[in-house]
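Raw contents of coords32.txt, compact mmCIF, N, CA and C atoms:
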# COMPACT_ATOMS: atom_id res chain seq x y z
N ASN S 1 7.06 29.67 1.90
CA ASN S 1 7.30 30.66 0.87
C ASN S 1 6.91 32.03 1.41
N ASN S 2 7.73 33.03 1.12
CA ASN S 2 7.38 34.39 1.52
C ASN S 2 7.12 35.27 0.30
N ASN S 3 6.62 34.63 -0.79
CA ASN S 3 6.29 35.29 -2.05
C ASN S 3 7.51 35.77 -2.84
N ASN S 4 8.71 35.46 -2.41
CA ASN S 4 9.92 35.79 -3.16
C ASN S 4 10.64 34.53 -3.62
N ASN S 5 9.91 33.41 -3.70
CA ASN S 5 10.48 32.12 -4.04
C ASN S 5 11.55 31.68 -3.06
N ASN S 6 11.48 32.14 -1.84
CA ASN S 6 12.35 31.66 -0.79
C ASN S 6 11.60 30.55 -0.05
N PHE S 7 11.65 29.37 -0.62
CA PHE S 7 10.90 28.25 -0.07
C PHE S 7 11.56 27.74 1.20
N VAL S 8 10.74 27.21 2.09
CA VAL S 8 11.20 26.60 3.34
C VAL S 8 10.75 25.15 3.32
N HIS S 9 11.64 24.25 3.71
CA HIS S 9 11.28 22.84 3.66
C HIS S 9 10.62 22.39 4.98
N LEU S 10 9.84 21.37 4.86
CA LEU S 10 9.24 20.69 6.01
C LEU S 10 9.44 19.20 5.78
N ASP S 11 10.31 18.57 6.57
CA ASP S 11 10.55 17.14 6.42
C ASP S 11 9.33 16.38 6.91
N LEU S 12 8.84 15.48 6.07
CA LEU S 12 7.66 14.68 6.40
C LEU S 12 8.03 13.24 6.73
N SER S 13 9.31 12.96 6.80
CA SER S 13 9.76 11.62 7.17
C SER S 13 11.15 11.72 7.79
N ILE S 14 11.58 10.61 8.37
CA ILE S 14 12.94 10.52 8.89
C ILE S 14 13.62 9.34 8.20
N ASP S 15 14.92 9.41 8.09
CA ASP S 15 15.67 8.27 7.57
C ASP S 15 15.80 7.24 8.67
N HIS S 16 15.42 6.03 8.39
CA HIS S 16 15.50 4.96 9.38
C HIS S 16 16.88 4.31 9.30
N LYS S 17 17.81 4.93 9.97
CA LYS S 17 19.19 4.44 10.00
C LYS S 17 19.36 3.46 11.16
N PRO S 18 20.11 2.39 10.96
CA PRO S 18 20.25 1.39 12.02
C PRO S 18 20.93 1.92 13.29
N GLU S 19 21.70 3.00 13.17
CA GLU S 19 22.39 3.51 14.36
C GLU S 19 21.52 4.43 15.23
N LEU S 20 20.33 4.79 14.77
CA LEU S 20 19.43 5.58 15.63
C LEU S 20 19.10 4.75 16.87
N PRO S 21 19.12 5.36 18.05
CA PRO S 21 18.96 4.58 19.29
C PRO S 21 17.76 3.63 19.31
N LYS S 22 16.59 4.10 18.93
CA LYS S 22 15.39 3.25 18.94
C LYS S 22 15.51 2.09 17.95
N GLU S 23 16.05 2.38 16.77
CA GLU S 23 16.20 1.36 15.74
C GLU S 23 17.26 0.34 16.16
N LYS S 24 18.37 0.83 16.67
CA LYS S 24 19.46 -0.06 17.08
C LYS S 24 19.01 -0.98 18.21
N GLU S 25 18.29 -0.45 19.17
CA GLU S 25 17.80 -1.25 20.28
C GLU S 25 16.93 -2.41 19.78
N ARG S 26 16.02 -2.11 18.85
CA ARG S 26 15.16 -3.16 18.31
C ARG S 26 15.97 -4.22 17.59
N ILE S 27 16.95 -3.80 16.81
CA ILE S 27 17.78 -4.75 16.05
C ILE S 27 18.58 -5.63 17.01
N LEU S 28 19.21 -5.03 17.99
CA LEU S 28 20.00 -5.81 18.96
C LEU S 28 19.12 -6.77 19.74
N ASN S 29 17.91 -6.35 20.08
CA ASN S 29 16.98 -7.22 20.81
C ASN S 29 16.47 -8.38 19.96
N ASN S 30 16.66 -8.30 18.65
CA ASN S 30 16.24 -9.37 17.74
C ASN S 30 17.43 -10.15 17.19
N ARG S 31 18.52 -10.12 17.93
CA ARG S 31 19.72 -10.89 17.60
C ARG S 31 20.37 -10.45 16.28
N GLY S 32 20.30 -9.14 16.05
CA GLY S 32 21.02 -8.58 14.91
C GLY S 32 22.21 -7.78 15.41
N ARG S 33 23.04 -7.34 14.48
CA ARG S 33 24.19 -6.49 14.79
C ARG S 33 24.08 -5.21 13.98
N VAL S 34 24.66 -4.13 14.50
CA VAL S 34 24.71 -2.85 13.79
C VAL S 34 26.16 -2.40 13.76
N MET S 35 26.72 -2.36 12.56
CA MET S 35 28.11 -1.94 12.38
C MET S 35 28.37 -1.71 10.89
N PRO S 36 29.42 -0.96 10.56
CA PRO S 36 29.76 -0.78 9.15
C PRO S 36 30.22 -2.11 8.53
N SER S 37 30.27 -2.15 7.24
CA SER S 37 30.76 -3.33 6.54
C SER S 37 32.23 -3.57 6.89
N PRO S 38 32.61 -4.82 7.15
CA PRO S 38 34.03 -5.11 7.39
C PRO S 38 34.92 -4.71 6.21
N MET S 39 34.36 -4.71 5.02
CA MET S 39 35.14 -4.33 3.84
C MET S 39 35.15 -2.83 3.60
N TRP S 40 34.29 -2.11 4.31
CA TRP S 40 34.18 -0.66 4.15
C TRP S 40 33.93 -0.04 5.52
N PRO S 41 34.95 -0.07 6.40
CA PRO S 41 34.76 0.35 7.79
C PRO S 41 34.39 1.83 7.98
N ASP S 42 34.65 2.65 6.99
CA ASP S 42 34.28 4.07 7.08
C ASP S 42 32.90 4.34 6.52
N GLY S 43 32.23 3.30 6.03
CA GLY S 43 30.92 3.45 5.42
C GLY S 43 29.82 3.52 6.46
N PRO S 44 28.58 3.51 6.00
CA PRO S 44 27.44 3.63 6.91
C PRO S 44 27.25 2.37 7.75
N CYS S 45 26.62 2.54 8.90
CA CYS S 45 26.25 1.37 9.71
C CYS S 45 25.24 0.54 8.93
N ARG S 46 25.33 -0.76 9.14
CA ARG S 46 24.46 -1.70 8.44
C ARG S 46 23.92 -2.73 9.42
N VAL S 47 22.84 -3.39 9.02
CA VAL S 47 22.24 -4.44 9.83
C VAL S 47 22.77 -5.79 9.35
N TRP S 48 23.24 -6.58 10.32
CA TRP S 48 23.80 -7.91 10.03
C TRP S 48 23.15 -8.93 10.95
N LEU S 49 23.11 -10.19 10.50
CA LEU S 49 22.72 -11.27 11.40
C LEU S 49 23.79 -11.40 12.47
N LEU S 50 23.43 -11.99 13.58
CA LEU S 50 24.36 -12.10 14.71
C LEU S 50 25.62 -12.87 14.34
N THR S 51 25.49 -13.95 13.58
CA THR S 51 26.63 -14.82 13.32
C THR S 51 27.08 -14.84 11.86
N GLN S 52 26.45 -14.03 11.01
CA GLN S 52 26.83 -13.99 9.59
C GLN S 52 26.86 -12.56 9.10
N ASP S 53 27.72 -12.30 8.15
CA ASP S 53 27.81 -10.96 7.57
C ASP S 53 26.82 -10.79 6.43
N ILE S 54 25.56 -11.04 6.73
CA ILE S 54 24.46 -10.79 5.81
C ILE S 54 23.32 -10.19 6.62
N PRO S 55 22.42 -9.41 6.14
CA PRO S 55 22.30 -8.94 4.77
C PRO S 55 23.10 -7.68 4.47
N GLY S 56 23.56 -6.94 5.48
CA GLY S 56 24.32 -5.71 5.23
C GLY S 56 23.46 -4.55 4.79
N LEU S 57 22.25 -4.49 5.30
CA LEU S 57 21.30 -3.45 4.91
C LEU S 57 21.62 -2.15 5.65
N ALA S 58 21.69 -1.04 4.93
CA ALA S 58 22.06 0.25 5.52
C ALA S 58 20.84 1.02 6.00
N MET S 59 19.74 0.34 6.22
CA MET S 59 18.53 0.97 6.76
C MET S 59 17.87 -0.01 7.72
N SER S 60 17.04 0.52 8.60
CA SER S 60 16.42 -0.33 9.62
C SER S 60 14.96 -0.64 9.34
N ARG S 61 14.44 -0.16 8.22
CA ARG S 61 13.06 -0.47 7.81
C ARG S 61 13.11 -0.87 6.34
N SER S 62 12.41 -1.94 6.04
CA SER S 62 12.41 -2.45 4.67
C SER S 62 11.19 -3.34 4.47
N ILE S 63 10.68 -3.38 3.27
CA ILE S 63 9.54 -4.23 2.95
C ILE S 63 10.03 -5.49 2.26
N GLY S 64 9.68 -6.65 2.81
CA GLY S 64 9.89 -7.91 2.13
C GLY S 64 11.26 -8.54 2.22
N ASP S 65 12.16 -8.02 3.02
CA ASP S 65 13.49 -8.61 3.15
C ASP S 65 13.48 -9.58 4.32
N LYS S 66 13.24 -10.87 4.04
CA LYS S 66 13.07 -11.86 5.11
C LYS S 66 14.32 -12.02 5.96
N ILE S 67 15.49 -11.99 5.35
CA ILE S 67 16.72 -12.14 6.14
C ILE S 67 16.87 -10.95 7.08
N ALA S 68 16.70 -9.75 6.57
CA ALA S 68 16.83 -8.55 7.40
C ALA S 68 15.76 -8.52 8.49
N HIS S 69 14.56 -8.99 8.17
CA HIS S 69 13.48 -9.01 9.16
C HIS S 69 13.85 -9.92 10.33
N SER S 70 14.59 -10.99 10.06
CA SER S 70 14.99 -11.89 11.15
C SER S 70 16.02 -11.24 12.08
N ALA S 71 16.61 -10.13 11.64
CA ALA S 71 17.58 -9.40 12.47
C ALA S 71 16.99 -8.13 13.06
N GLY S 72 15.67 -7.97 13.01
CA GLY S 72 15.03 -6.82 13.64
C GLY S 72 14.64 -5.70 12.72
N VAL S 73 14.90 -5.81 11.43
CA VAL S 73 14.43 -4.82 10.47
C VAL S 73 12.92 -5.03 10.31
N ILE S 74 12.17 -3.94 10.32
CA ILE S 74 10.72 -4.04 10.22
C ILE S 74 10.22 -3.24 9.02
N ALA S 75 8.99 -3.52 8.63
CA ALA S 75 8.38 -2.81 7.51
C ALA S 75 7.44 -1.70 7.97
N GLU S 76 7.19 -1.62 9.25
CA GLU S 76 6.24 -0.64 9.78
C GLU S 76 6.75 0.78 9.60
N PRO S 77 5.99 1.64 8.93
CA PRO S 77 6.45 3.01 8.72
C PRO S 77 6.16 3.91 9.92
N ASP S 78 6.91 5.00 10.00
CA ASP S 78 6.52 6.10 10.87
C ASP S 78 5.62 6.97 10.01
N VAL S 79 4.50 7.41 10.56
CA VAL S 79 3.53 8.17 9.77
C VAL S 79 3.43 9.59 10.33
N MET S 80 3.59 10.55 9.43
CA MET S 80 3.35 11.96 9.77
C MET S 80 2.16 12.42 8.96
N ILE S 81 1.36 13.25 9.54
CA ILE S 81 0.20 13.81 8.84
C ILE S 81 0.44 15.30 8.66
N HIS S 82 0.30 15.74 7.43
CA HIS S 82 0.44 17.16 7.12
C HIS S 82 -0.74 17.56 6.24
N THR S 83 -1.48 18.52 6.67
CA THR S 83 -2.59 19.03 5.88
C THR S 83 -2.05 20.03 4.87
N ILE S 84 -2.32 19.77 3.61
CA ILE S 84 -1.79 20.64 2.56
C ILE S 84 -2.49 22.00 2.60
N ASP S 85 -1.68 23.04 2.59
CA ASP S 85 -2.15 24.42 2.56
C ASP S 85 -1.89 24.96 1.15
N ASN S 86 -2.93 25.13 0.38
CA ASN S 86 -2.77 25.54 -1.02
C ASN S 86 -2.11 26.90 -1.20
N LYS S 87 -2.07 27.71 -0.16
CA LYS S 87 -1.43 29.01 -0.26
C LYS S 87 0.07 28.93 0.02
N ASN S 88 0.49 27.92 0.77
CA ASN S 88 1.90 27.86 1.19
C ASN S 88 2.64 26.59 0.79
N ASP S 89 1.95 25.55 0.40
CA ASP S 89 2.59 24.31 -0.01
C ASP S 89 2.61 24.25 -1.54
N PHE S 90 3.80 24.28 -2.11
CA PHE S 90 3.92 24.38 -3.56
C PHE S 90 4.34 23.08 -4.24
N PHE S 91 5.08 22.24 -3.53
CA PHE S 91 5.49 20.97 -4.11
C PHE S 91 5.93 20.03 -3.00
N ILE S 92 6.04 18.75 -3.36
CA ILE S 92 6.55 17.74 -2.45
C ILE S 92 7.63 16.97 -3.20
N ILE S 93 8.70 16.67 -2.51
CA ILE S 93 9.78 15.90 -3.12
C ILE S 93 9.79 14.52 -2.47
N LEU S 94 9.54 13.50 -3.27
CA LEU S 94 9.60 12.12 -2.81
C LEU S 94 10.86 11.52 -3.41
N SER S 95 11.71 10.96 -2.56
CA SER S 95 12.96 10.44 -3.07
C SER S 95 13.48 9.32 -2.18
N THR S 96 14.53 8.67 -2.64
CA THR S 96 15.15 7.57 -1.90
C THR S 96 16.32 8.08 -1.08
N ASP S 97 16.85 7.17 -0.27
CA ASP S 97 18.03 7.53 0.52
C ASP S 97 19.22 7.83 -0.38
N GLY S 98 19.20 7.36 -1.62
CA GLY S 98 20.28 7.68 -2.55
C GLY S 98 20.39 9.17 -2.84
N VAL S 99 19.30 9.89 -2.71
CA VAL S 99 19.32 11.35 -2.83
C VAL S 99 19.58 11.98 -1.48
N TRP S 100 18.81 11.59 -0.47
CA TRP S 100 18.89 12.27 0.83
C TRP S 100 20.20 12.04 1.56
N GLU S 101 20.94 11.02 1.19
CA GLU S 101 22.25 10.80 1.80
C GLU S 101 23.23 11.92 1.46
N PHE S 102 23.02 12.55 0.29
CA PHE S 102 23.99 13.52 -0.20
C PHE S 102 23.44 14.93 -0.41
N VAL S 103 22.12 15.06 -0.41
CA VAL S 103 21.50 16.36 -0.62
C VAL S 103 20.51 16.60 0.53
N SER S 104 20.67 17.69 1.25
CA SER S 104 19.76 17.99 2.34
C SER S 104 18.43 18.51 1.79
N SER S 105 17.43 18.55 2.64
CA SER S 105 16.13 19.07 2.22
C SER S 105 16.23 20.52 1.75
N SER S 106 16.95 21.34 2.50
CA SER S 106 17.07 22.75 2.09
C SER S 106 17.86 22.88 0.79
N GLU S 107 18.89 22.05 0.60
CA GLU S 107 19.64 22.09 -0.66
C GLU S 107 18.76 21.65 -1.84
N SER S 108 17.91 20.67 -1.60
CA SER S 108 17.05 20.18 -2.69
C SER S 108 16.14 21.29 -3.20
N ILE S 109 15.67 22.12 -2.30
CA ILE S 109 14.82 23.24 -2.71
C ILE S 109 15.61 24.21 -3.58
N GLN S 110 16.83 24.51 -3.17
CA GLN S 110 17.66 25.42 -3.97
C GLN S 110 17.92 24.85 -5.36
N ILE S 111 18.09 23.53 -5.44
CA ILE S 111 18.38 22.88 -6.72
C ILE S 111 17.19 22.92 -7.66
N ILE S 112 15.99 22.70 -7.14
CA ILE S 112 14.83 22.56 -8.03
C ILE S 112 13.93 23.79 -8.15
N GLN S 113 14.11 24.79 -7.31
CA GLN S 113 13.12 25.88 -7.27
C GLN S 113 12.97 26.64 -8.58
N ASN S 114 13.97 26.65 -9.40
CA ASN S 114 13.86 27.36 -10.68
C ASN S 114 13.74 26.41 -11.87
N ALA S 115 13.40 25.16 -11.60
CA ALA S 115 13.23 24.20 -12.68
C ALA S 115 12.08 24.62 -13.58
N GLU S 116 12.20 24.27 -14.86
CA GLU S 116 11.18 24.64 -15.84
C GLU S 116 9.89 23.86 -15.65
N ASN S 117 10.00 22.63 -15.16
CA ASN S 117 8.84 21.77 -14.99
C ASN S 117 9.22 20.62 -14.05
N PRO S 118 8.27 19.80 -13.62
CA PRO S 118 8.60 18.71 -12.70
C PRO S 118 9.66 17.75 -13.23
N LYS S 119 9.62 17.41 -14.50
CA LYS S 119 10.61 16.50 -15.09
C LYS S 119 12.01 17.10 -14.97
N ASN S 120 12.13 18.38 -15.27
CA ASN S 120 13.42 19.06 -15.16
C ASN S 120 13.88 19.10 -13.71
N ALA S 121 12.96 19.28 -12.77
CA ALA S 121 13.31 19.28 -11.35
C ALA S 121 13.90 17.94 -10.94
N VAL S 122 13.28 16.85 -11.39
CA VAL S 122 13.79 15.51 -11.08
C VAL S 122 15.18 15.32 -11.67
N GLU S 123 15.34 15.72 -12.91
CA GLU S 123 16.65 15.57 -13.57
C GLU S 123 17.74 16.34 -12.83
N LEU S 124 17.44 17.57 -12.42
CA LEU S 124 18.42 18.39 -11.71
C LEU S 124 18.80 17.77 -10.37
N LEU S 125 17.80 17.30 -9.63
CA LEU S 125 18.07 16.72 -8.31
C LEU S 125 18.84 15.40 -8.45
N CYS S 126 18.46 14.57 -9.37
CA CYS S 126 19.18 13.31 -9.59
C CYS S 126 20.62 13.57 -10.01
N LYS S 127 20.81 14.49 -10.94
CA LYS S 127 22.16 14.80 -11.43
C LYS S 127 23.06 15.25 -10.28
N GLU S 128 22.55 16.15 -9.46
CA GLU S 128 23.35 16.66 -8.34
C GLU S 128 23.66 15.56 -7.33
N SER S 129 22.69 14.74 -6.97
CA SER S 129 22.94 13.70 -5.97
C SER S 129 23.92 12.66 -6.50
N ILE S 130 23.82 12.30 -7.78
CA ILE S 130 24.77 11.33 -8.36
C ILE S 130 26.18 11.91 -8.38
N GLU S 131 26.32 13.17 -8.75
CA GLU S 131 27.65 13.80 -8.76
C GLU S 131 28.26 13.81 -7.37
N ARG S 132 27.48 14.15 -6.36
CA ARG S 132 28.00 14.17 -4.99
C ARG S 132 28.35 12.76 -4.52
N TRP S 133 27.49 11.80 -4.84
CA TRP S 133 27.74 10.42 -4.44
C TRP S 133 29.06 9.93 -5.02
N ARG S 134 29.27 10.16 -6.28
CA ARG S 134 30.49 9.69 -6.94
C ARG S 134 31.75 10.36 -6.41
N ARG S 135 31.62 11.59 -5.92
CA ARG S 135 32.77 12.27 -5.31
C ARG S 135 33.12 11.68 -3.96
N GLU S 136 32.12 11.16 -3.24
CA GLU S 136 32.33 10.70 -1.86
C GLU S 136 32.51 9.20 -1.68
N GLU S 137 31.99 8.41 -2.61
CA GLU S 137 32.01 6.96 -2.41
C GLU S 137 32.39 6.26 -3.71
N PRO S 138 33.00 5.08 -3.58
CA PRO S 138 33.45 4.37 -4.77
C PRO S 138 32.33 3.71 -5.58
N VAL S 139 31.16 3.52 -4.97
CA VAL S 139 30.07 2.82 -5.63
C VAL S 139 28.79 3.66 -5.54
N CYS S 140 28.07 3.75 -6.64
CA CYS S 140 26.78 4.44 -6.67
C CYS S 140 25.75 3.39 -7.04
N ASP S 141 24.98 2.91 -6.06
CA ASP S 141 24.12 1.75 -6.31
C ASP S 141 22.63 2.01 -6.21
N ASP S 142 22.19 3.24 -6.10
CA ASP S 142 20.75 3.53 -6.04
C ASP S 142 20.32 4.28 -7.29
Would you mind giving the structure from this file in structure tokens?
Amino acid sequence: NNNNNNFVHLDLSIDHKPELPKEKERILNNRGRVMPSPMWPDGPCRVWLLTQDIPGLAMSRSIGDKIAHSAGVIAEPDVMIHTIDNKNDFFIILSTDGVWEFVSSSESIQIIQNAENPKNAVELLCKESIERWRREEPVCDD
């Protein structure tokens, strides 16, 4: 922030996509496959078992998915440490890939910076991500 409500984002996590080189290598080494759905070839890459078209997970990290874990999906997080600066850190946005797939970090700031309160900020961000999702894909499942 430069005192004019021109907020700057700082990403505190990365999306664990199966096509990222490190993630893909681990999946392939665990007898998994990384490719889009056969029914949706233009869609995101997904994790599949070597000989079956399951589970079709579009992320490479997940908690408690035994089938995906057998194909190299892990639950171990990447951890970033950020010390909060009360003069410069004004809010944190925690969200799912259903938001971040369609709204960038900098766009999210523009969407919520003038919200009346935290609840309104959530509503604005969700509304925008759902609208974008529905324009780009036939199914909105998050």
Using only N, CA and C atoms, determine which residues lie at most 8 Å from stretch 108-116 of chain S, disregarding the query and same-chain residues fewer than 6 positions distant; provide the list as JSON, numbers by chain.
{"S": [5, 7, 8, 9, 122, 124, 125]}
Residues flagged alpha helix (DSSP H) by DSSP in chain S, as a ChimeraX atom specification:
/S:21-29,66-69,97-100,105-112,118-136
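Picture a line from atom C of S:Val139 to atom C of S:Ala58; it runs 14.3 Å.
All polymer residues at most 7 Å from (13.4, 15.6, 0.1), using all atoms listed in the file, appear as S:Ile92, S:Ile93, S:Leu94, S:Ser95, S:Trp100, S:Ser104, S:Ser105, S:Ser108.
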For S:Lys127, please output as number ranges by chain all residues within 12 Å (counting only C-alpha atoms; exclusion window: fewer than 4 positions along the same chain).
S: 98-99, 102-103, 108, 111-112, 120-123, 131-134
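Every protein, DNA or RNA residue with an atom at most 12 Å from S:Ile67, where only C-alpha atoms count and chain neighbours fewer than 3 positions away do not, is listed here: Asn30, Arg31, Gly32, Val47, Trp48, Leu49, Leu50, Gln52, Asp53, Ile54, Pro55, Gly56, Leu57, Ser62, Ile63, Gly64, Ser70, Ala71, Gly72, Val73 and Ile74 of chain S.
Rounded to one decimal, atom N of S:Ala75 and atom N of S:Arg61 lie 6.4 Å from each other.
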Computed interatomic separation between atom CA of S:Asn117 and atom CA of S:Asp89 (Å):
16.4 Å
